[in-house]
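Have a look at start_39.pdb; it's PDB, C-alpha atoms:
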```
ATOM      1  CA  MET A   1      -6.383  13.290 -11.546
ATOM      2  CA  ASP A   2      -5.480  16.101  -9.133
ATOM      3  CA  LEU A   3      -3.919  15.472  -5.724
ATOM      4  CA  THR A   4      -7.223  15.787  -3.839
ATOM      5  CA  GLN A   5      -8.737  13.077  -6.053
ATOM      6  CA  VAL A   6      -5.653  10.883  -5.547
ATOM      7  CA  LEU A   7      -5.978  11.213  -1.761
ATOM      8  CA  GLN A   8      -9.730  10.476  -1.917
ATOM      9  CA  SER A   9      -8.869   7.128  -3.497
ATOM     10  CA  VAL A  10      -6.678   6.197  -0.495
ATOM     11  CA  ASP A  11      -8.515   4.591   2.429
ATOM     12  CA  LEU A  12      -6.155   6.272   4.895
ATOM     13  CA  PHE A  13      -8.307   9.376   4.334
ATOM     14  CA  GLU A  14     -11.702   7.649   4.255
ATOM     15  CA  GLY A  15     -14.148   9.635   6.406
ATOM     16  CA  LEU A  16     -12.503  13.044   5.842
ATOM     17  CA  ALA A  17     -14.455  15.889   4.263
ATOM     18  CA  VAL A  18     -13.128  17.447   1.050
ATOM     19  CA  ASP A  19     -11.824  20.534   2.885
ATOM     20  CA  GLU A  20      -9.966  18.247   5.308
ATOM     21  CA  ILE A  21      -8.421  16.281   2.451
ATOM     22  CA  GLU A  22      -7.313  19.597   0.942
ATOM     23  CA  LYS A  23      -5.501  20.365   4.213
ATOM     24  CA  VAL A  24      -3.725  17.001   3.960
ATOM     25  CA  ALA A  25      -2.850  17.732   0.323
ATOM     26  CA  ARG A  26      -1.066  20.938   1.408
ATOM     27  CA  ILE A  27       1.487  18.927   3.411
ATOM     28  CA  CYS A  28       2.128  16.351   0.652
ATOM     29  CA  SER A  29       5.043  16.514  -1.736
ATOM     30  CA  GLU A  30       5.555  14.311  -4.781
ATOM     31  CA  GLU A  31       8.660  12.144  -5.224
ATOM     32  CA  ARG A  32       9.368  10.006  -8.293
ATOM     33  CA  PHE A  33      11.521   6.873  -8.330
ATOM     34  CA  SER A  34      12.903   4.689 -11.092
ATOM     35  CA  LYS A  35      12.496   0.920 -11.284
ATOM     36  CA  GLY A  36      14.970  -0.696  -8.870
ATOM     37  CA  GLN A  37      15.624   2.469  -6.876
ATOM     38  CA  ILE A  38      15.764   2.118  -3.066
ATOM     39  CA  ILE A  39      13.309   4.417  -1.264
ATOM     40  CA  THR A  40      14.234   3.602   2.342
ATOM     41  CA  LYS A  41      16.644   1.157   3.984
ATOM     42  CA  GLU A  42      15.866  -1.165   6.896
ATOM     43  CA  GLY A  43      17.354   0.134  10.154
ATOM     44  CA  GLU A  44      17.677   3.760   9.069
ATOM     45  CA  GLN A  45      15.848   6.596  10.768
ATOM     46  CA  GLY A  46      12.890   7.928   8.848
ATOM     47  CA  ASP A  47      10.374  10.718   9.320
ATOM     48  CA  GLU A  48       8.226  10.248   6.240
ATOM     49  CA  LEU A  49       4.946   8.546   5.447
ATOM     50  CA  TYR A  50       4.620   7.479   1.806
ATOM     51  CA  ILE A  51       1.487   6.970  -0.277
ATOM     52  CA  ILE A  52       1.777   5.164  -3.614
ATOM     53  CA  ALA A  53       0.105   7.327  -6.264
ATOM     54  CA  GLU A  54       1.363   5.237  -9.201
ATOM     55  CA  GLY A  55       3.354   2.035  -9.613
ATOM     56  CA  PHE A  56       4.544  -0.718  -7.289
ATOM     57  CA  VAL A  57       6.908  -0.903  -4.312
ATOM     58  CA  GLU A  58       8.455  -4.058  -2.808
ATOM     59  CA  VAL A  59       8.895  -4.358   0.956
ATOM     60  CA  LEU A  60      12.205  -6.132   1.724
ATOM     61  CA  LEU A  61      13.476  -7.699   4.941
ATOM     62  CA  GLY A  62      16.720  -9.136   6.197
ATOM     63  CA  GLU A  63      19.387  -7.840   3.857
ATOM     64  CA  LYS A  64      22.811  -8.999   5.099
ATOM     65  CA  PRO A  65      26.309  -8.918   3.616
ATOM     66  CA  SER A  66      26.032 -12.689   3.145
ATOM     67  CA  SER A  67      22.492 -12.872   1.742
ATOM     68  CA  ALA A  68      20.005 -10.939  -0.323
ATOM     69  CA  ALA A  69      16.887  -9.383   1.152
ATOM     70  CA  ARG A  70      13.578 -11.279   1.046
ATOM     71  CA  VAL A  71      10.482  -9.642  -0.478
ATOM     72  CA  VAL A  72       7.604  -9.833   2.031
ATOM     73  CA  VAL A  73       4.920  -8.028   0.024
ATOM     74  CA  SER A  74       4.459  -5.912  -3.076
ATOM     75  CA  LEU A  75       2.305  -2.808  -2.681
ATOM     76  CA  GLY A  76       0.475  -0.954  -5.446
ATOM     77  CA  SER A  77      -1.457   2.257  -5.867
ATOM     78  CA  GLY A  78      -3.325   3.633  -2.860
ATOM     79  CA  GLN A  79      -1.132   1.834  -0.322
ATOM     80  CA  VAL A  80       0.651   3.463   2.617
ATOM     81  CA  LEU A  81       4.326   2.905   3.440
ATOM     82  CA  GLY A  82       6.545   3.994   6.303
ATOM     83  CA  GLU A  83       3.684   4.198   8.780
ATOM     84  CA  MET A  84       5.467   2.216  11.502
ATOM     85  CA  ALA A  85       8.388   4.651  11.780
ATOM     86  CA  LEU A  86       5.898   7.514  11.652
ATOM     87  CA  LEU A  87       3.884   6.102  14.542
ATOM     88  CA  ASP A  88       6.552   4.691  16.859
ATOM     89  CA  GLN A  89       9.540   6.822  15.765
ATOM     90  CA  GLY A  90      11.680   3.696  15.591
ATOM     91  CA  PRO A  91      14.047   2.830  12.748
ATOM     92  CA  ARG A  92      12.653   1.648   9.416
ATOM     93  CA  SER A  93      11.413  -1.921   9.898
ATOM     94  CA  ALA A  94      12.001  -2.832   6.244
ATOM     95  CA  SER A  95      13.578  -1.558   3.054
ATOM     96  CA  LEU A  96      11.434  -0.257   0.193
ATOM     97  CA  ARG A  97      12.306  -0.620  -3.483
ATOM     98  CA  ALA A  98      10.448   0.800  -6.485
ATOM     99  CA  THR A  99       9.610  -1.918  -9.012
ATOM    100  CA  SER A 100       7.846   0.025 -11.744
ATOM    101  CA  GLU A 101       8.799   2.827 -14.102
ATOM    102  CA  PRO A 102       7.919   5.353 -12.877
ATOM    103  CA  THR A 103       6.911   4.917  -9.253
ATOM    104  CA  VAL A 104       5.226   8.060  -7.942
ATOM    105  CA  LEU A 105       4.833   8.631  -4.200
ATOM    106  CA  GLN A 106       3.190  11.341  -2.141
ATOM    107  CA  VAL A 107       5.305  12.057   0.931
ATOM    108  CA  ILE A 108       4.176  13.488   4.287
ATOM    109  CA  GLN A 109       6.729  14.591   6.887
ATOM    110  CA  ARG A 110       6.090  13.416  10.470
ATOM    111  CA  ASN A 111       6.266  16.893  12.078
ATOM    112  CA  GLN A 112       3.789  18.368   9.584
ATOM    113  CA  PHE A 113       1.510  15.348   9.988
ATOM    114  CA  GLU A 114       1.538  15.644  13.785
ATOM    115  CA  GLU A 115       0.907  19.407  13.637
ATOM    116  CA  LEU A 116      -2.104  18.846  11.379
ATOM    117  CA  CYS A 117      -3.500  16.104  13.659
ATOM    118  CA  GLN A 118      -3.135  18.354  16.719
ATOM    119  CA  GLU A 119      -4.671  21.385  14.979
ATOM    120  CA  ASN A 120      -7.621  19.364  13.715
ATOM    121  CA  THR A 121      -8.437  16.482  16.035
ATOM    122  CA  HIS A 122     -11.114  15.129  13.674
ATOM    123  CA  ILE A 123      -8.460  14.643  10.992
ATOM    124  CA  GLY A 124      -6.166  13.165  13.646
ATOM    125  CA  TYR A 125      -8.763  10.680  14.875
ATOM    126  CA  ILE A 126      -9.865   9.552  11.406
ATOM    127  CA  VAL A 127      -6.334   9.154  10.011
ATOM    128  CA  MET A 128      -5.083   7.307  13.114
ATOM    129  CA  ARG A 129      -8.117   4.970  13.014
ATOM    130  CA  ASN A 130      -7.492   4.304   9.340
ATOM    131  CA  LEU A 131      -3.763   3.740   9.922
ATOM    132  CA  ALA A 132      -4.638   1.090  12.520
ATOM    133  CA  ALA A 133      -7.057  -0.548  10.046
ATOM    134  CA  ASP A 134      -4.365  -0.484   7.340
ATOM    135  CA  LEU A 135      -1.856  -2.219   9.631
ATOM    136  CA  SER A 136      -4.548  -4.800  10.444
ATOM    137  CA  PHE A 137      -5.227  -5.400   6.734
ATOM    138  CA  LYS A 138      -1.508  -5.945   6.090
ATOM    139  CA  LEU A 139      -1.353  -8.437   8.971
ATOM    140  CA  ARG A 140      -4.369 -10.301   7.559
ATOM    141  CA  HIS A 141      -2.666 -10.444   4.148
ATOM    142  CA  ARG A 142       0.495 -11.813   5.724
ATOM    143  CA  ASN A 143      -1.445 -14.402   7.737
ATOM    144  CA  LEU A 144      -3.299 -15.591   4.625
ATOM    145  CA  ASN A 145      -0.065 -15.716   2.647
ATOM    146  CA  GLN A 146       1.571 -17.971   5.243
ATOM    147  CA  ARG A 147      -1.248 -20.561   5.358
TER     148      ARG A 147
ATOM    149  CA  MET B   1     -17.293   5.487  -6.504
ATOM    150  CA  ALA B   2     -16.397   2.109  -5.012
ATOM    151  CA  ILE B   3     -12.727   1.344  -4.481
ATOM    152  CA  TYR B   4     -11.534  -2.208  -3.858
ATOM    153  CA  LYS B   5      -8.505  -2.742  -1.647
ATOM    154  CA  VAL B   6      -7.380  -6.199  -2.671
ATOM    155  CA  SER B   7      -4.980  -8.598  -0.970
ATOM    156  CA  TYR B   8      -3.691 -10.940  -3.707
ATOM    157  CA  VAL B   9      -2.225 -14.183  -2.360
ATOM    158  CA  ILE B  10      -0.429 -16.408  -4.857
ATOM    159  CA  ILE B  11      -0.556 -20.187  -4.447
ATOM    160  CA  ASP B  12       2.003 -22.722  -5.626
ATOM    161  CA  LYS B  13       4.667 -20.091  -6.022
ATOM    162  CA  ASP B  14       7.262 -18.412  -3.851
ATOM    163  CA  ASN B  15       5.583 -15.032  -4.166
ATOM    164  CA  PRO B  16       4.735 -12.723  -1.246
ATOM    165  CA  GLY B  17       1.590 -11.434  -2.920
ATOM    166  CA  THR B  18       0.391  -7.914  -3.559
ATOM    167  CA  ILE B  19      -1.926  -5.360  -1.988
ATOM    168  CA  LEU B  20      -3.380  -2.649  -4.199
ATOM    169  CA  ASN B  21      -6.434  -0.449  -4.706
ATOM    170  CA  GLN B  22      -8.470  -0.926  -7.869
ATOM    171  CA  ASN B  23     -11.722   0.524  -9.180
ATOM    172  CA  HIS B  24     -13.434  -2.767 -10.036
ATOM    173  CA  ALA B  25     -14.269  -5.872  -8.034
ATOM    174  CA  PRO B  26     -12.035  -8.854  -8.806
ATOM    175  CA  LEU B  27     -13.857 -11.835 -10.315
ATOM    176  CA  GLU B  28     -13.164 -15.555 -10.203
ATOM    177  CA  GLY B  29     -11.580 -16.638 -13.491
ATOM    178  CA  GLU B  30     -10.310 -13.132 -14.240
ATOM    179  CA  ILE B  31      -6.773 -12.752 -15.594
ATOM    180  CA  VAL B  32      -4.793 -10.046 -13.785
ATOM    181  CA  GLN B  33      -1.356  -8.558 -14.216
ATOM    182  CA  LEU B  34       0.570  -7.728 -11.021
ATOM    183  CA  GLY B  35       3.846  -6.066 -11.882
ATOM    184  CA  ASP B  36       5.442  -8.116 -14.648
ATOM    185  CA  GLU B  37       3.537 -11.348 -13.958
ATOM    186  CA  ILE B  38       0.153 -12.700 -15.049
ATOM    187  CA  PHE B  39      -2.237 -14.550 -12.708
ATOM    188  CA  GLU B  40      -5.640 -16.234 -12.781
ATOM    189  CA  VAL B  41      -8.053 -15.379  -9.974
ATOM    190  CA  LEU B  42      -9.257 -18.578  -8.261
ATOM    191  CA  GLU B  43     -11.225 -17.326  -5.260
ATOM    192  CA  VAL B  44     -12.605 -13.971  -4.094
ATOM    193  CA  LEU B  45     -13.687 -13.291  -0.489
ATOM    194  CA  GLU B  46     -14.692 -10.185   1.422
ATOM    195  CA  LEU B  47     -11.997  -9.939   4.092
ATOM    196  CA  VAL B  48     -13.617  -7.349   6.376
ATOM    197  CA  PRO B  49     -16.832  -5.284   6.044
ATOM    198  CA  PRO B  50     -16.739  -2.245   3.719
ATOM    199  CA  ARG B  51     -16.057   1.216   5.161
ATOM    200  CA  GLY B  52     -17.427   4.161   3.181
ATOM    201  CA  ASP B  53     -16.566   3.649  -0.494
ATOM    202  CA  PHE B  54     -13.869   1.103   0.310
ATOM    203  CA  HIS B  55     -14.265  -2.670   0.022
ATOM    204  CA  TYR B  56     -11.690  -5.015   1.527
ATOM    205  CA  ILE B  57     -11.154  -8.123  -0.558
ATOM    206  CA  HIS B  58      -8.972 -11.225  -0.385
ATOM    207  CA  VAL B  59      -8.083 -12.950  -3.657
ATOM    208  CA  THR B  60      -6.331 -16.263  -4.141
ATOM    209  CA  CYS B  61      -4.720 -16.680  -7.539
ATOM    210  CA  ARG B  62      -2.219 -18.767  -9.446
ATOM    211  CA  ALA B  63       0.534 -17.794 -11.820
ATOM    212  CA  ILE B  64      -0.020 -18.405 -15.515
ATOM    213  CA  ASN B  65       3.066 -19.234 -17.491
ATOM    214  CA  ASN B  66       3.381 -18.123 -21.105
ATOM    215  CA  PHE B  67       0.011 -16.333 -21.104
ATOM    216  CA  GLY B  68      -0.734 -14.996 -24.608
ATOM    217  CA  LYS B  69       2.328 -16.602 -26.160
TER     218      LYS B  69
END
```
Output the structure of this file as structure tokens.
Amino acid sequence: MDLTQVLQSVDLFEGLAVDEIEKVARICSEERFSKGQIITKEGEQGDELYIIAEGFVEVLLGEKPSSAARVVVSLGSGQVLGEMALLDQGPRSASLRATSEPTVLQVIQRNQFEELCQENTHIGYIVMRNLAADLSFKLRHRNLNQR
Amino acid sequence: MAIYKVSYVIIDKDNPGTILNQNHAPLEGEIVQLGDEIFEVLEVLELVPPRGDFHYIHVTCRAINNFGK
């Protein structure tokens, strides 16, 4: 599966034409992680949005010197990570750890993402709408999990 | 091609659940592997209306111990 096909299977890009997805593909870079490897750490600054192309990633909260971090969700292929820091420019709200061998991510840098959204406002509108829907879906999952 | 974004919630277990995209609709009674663990699907619900090719599904499942052993 080529990168355009991978991105077409991610709902973050639902509603984009093929030529628009190809523009997104040009600002993606692939990163591979081993099982157990930390991708980001809670509290650190981060400028990247991650898309899981293959494997699973755990989202971890609350790591302290006196206690281990708690897993709040496991995310598999097609899911988006790091979107909060991308949107609000705050520190990472959680740590991310690869849990499969290999874990393959597509990475988009914030400055390139913002440039693309400003150059092409249709891409910007669609991706921002879909990011909001993705955050909503994650909240629904969390609410259902805590019932 | 339809893509199913599925929120898996695990009952009776201290498990935070999983969200993933898959190319088939989950079915009640289906056995699924999430990471290293095996689960049985108990309930399938459409969480929000579909958008384009994407369907948004909530699944409740339970862990199966010693499946296939």
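Residue nearest Pro26 of chain B within the list B:Ile57, B:Ile10, B:Phe39, B:Ala63: B:Ile57 [criterion: smallest interatomic distance, all atoms listed in the file].
Rounded to one decimal, atom CA of Arg32 of chain A and atom CA of Leu87 of chain A lie 23.8 Å from each other.
Those DNA, RNA and protein residues that approach the point (8.5, 8.3, 17.7) to within 12 Å, considering only C-alpha atoms, are Gln45, Gly46, Asp47, Glu48, Glu83, Met84, Ala85, Leu86, Leu87, Asp88, Gln89, Gly90, Pro91, Arg92, Arg110, Asn111 and Glu114 of chain A.
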Taking only residues of chain A that have an atom at most 8 Å from an atom of chain B, what is each one's shortest atom pair and its distance in Å to one decimal, using only C-alpha atoms, in chain and number order, as CSV?
```
residue,atom,partner,partner_atom,distance
A:Ser9,CA,B:Ile3,CA,7.0
A:Val10,CA,B:Asn21,CA,7.9
A:Asp11,CA,B:Phe54,CA,6.7
A:Glu14,CA,B:Gly52,CA,6.8
A:Gly15,CA,B:Gly52,CA,7.1
A:Phe56,CA,B:Gly35,CA,7.1
A:Val71,CA,B:Pro16,CA,6.6
A:Val72,CA,B:Pro16,CA,5.2
A:Val73,CA,B:Pro16,CA,4.9
A:Ser74,CA,B:Thr18,CA,4.6
A:Leu75,CA,B:Ile19,CA,5.0
A:Gly76,CA,B:Leu20,CA,4.4
A:Ser77,CA,B:Leu20,CA,5.5
A:Gly78,CA,B:Asn21,CA,5.5
A:Gln79,CA,B:Leu20,CA,6.3
A:Thr99,CA,B:Gly35,CA,7.7
A:Ser100,CA,B:Gly35,CA,7.3
A:His141,CA,B:Ser7,CA,5.9
A:Leu144,CA,B:Val9,CA,7.2
A:Asn145,CA,B:Val9,CA,5.7
```
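Put simply, the PyMOL selection byres ((chain A and resi 97) around 7) in this file takes in Gly36, Gln37, Ile38, Ile39, Val57, Glu58, Val59, Ser95, Leu96, Ala98 and Thr99 of chain A.
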Write out, as an mmCIF file, keeping the file's coordinate frame, the residues just selected, with C-alpha atoms.
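File written: again_9.cif
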```cif
data_model
loop_
_atom_site.group_PDB
_atom_site.id
_atom_site.type_symbol
_atom_site.label_atom_id
_atom_site.label_comp_id
_atom_site.auth_asym_id
_atom_site.auth_seq_id
_atom_site.Cartn_x
_atom_site.Cartn_y
_atom_site.Cartn_z
ATOM 1 C CA GLY A 36 14.970 -0.696 -8.870
ATOM 2 C CA GLN A 37 15.624 2.469 -6.876
ATOM 3 C CA ILE A 38 15.764 2.118 -3.066
ATOM 4 C CA ILE A 39 13.309 4.417 -1.264
ATOM 5 C CA VAL A 57 6.908 -0.903 -4.312
ATOM 6 C CA GLU A 58 8.455 -4.058 -2.808
ATOM 7 C CA VAL A 59 8.895 -4.358 0.956
ATOM 8 C CA SER A 95 13.578 -1.558 3.054
ATOM 9 C CA LEU A 96 11.434 -0.257 0.193
ATOM 10 C CA ALA A 98 10.448 0.800 -6.485
ATOM 11 C CA THR A 99 9.610 -1.918 -9.012
#
```
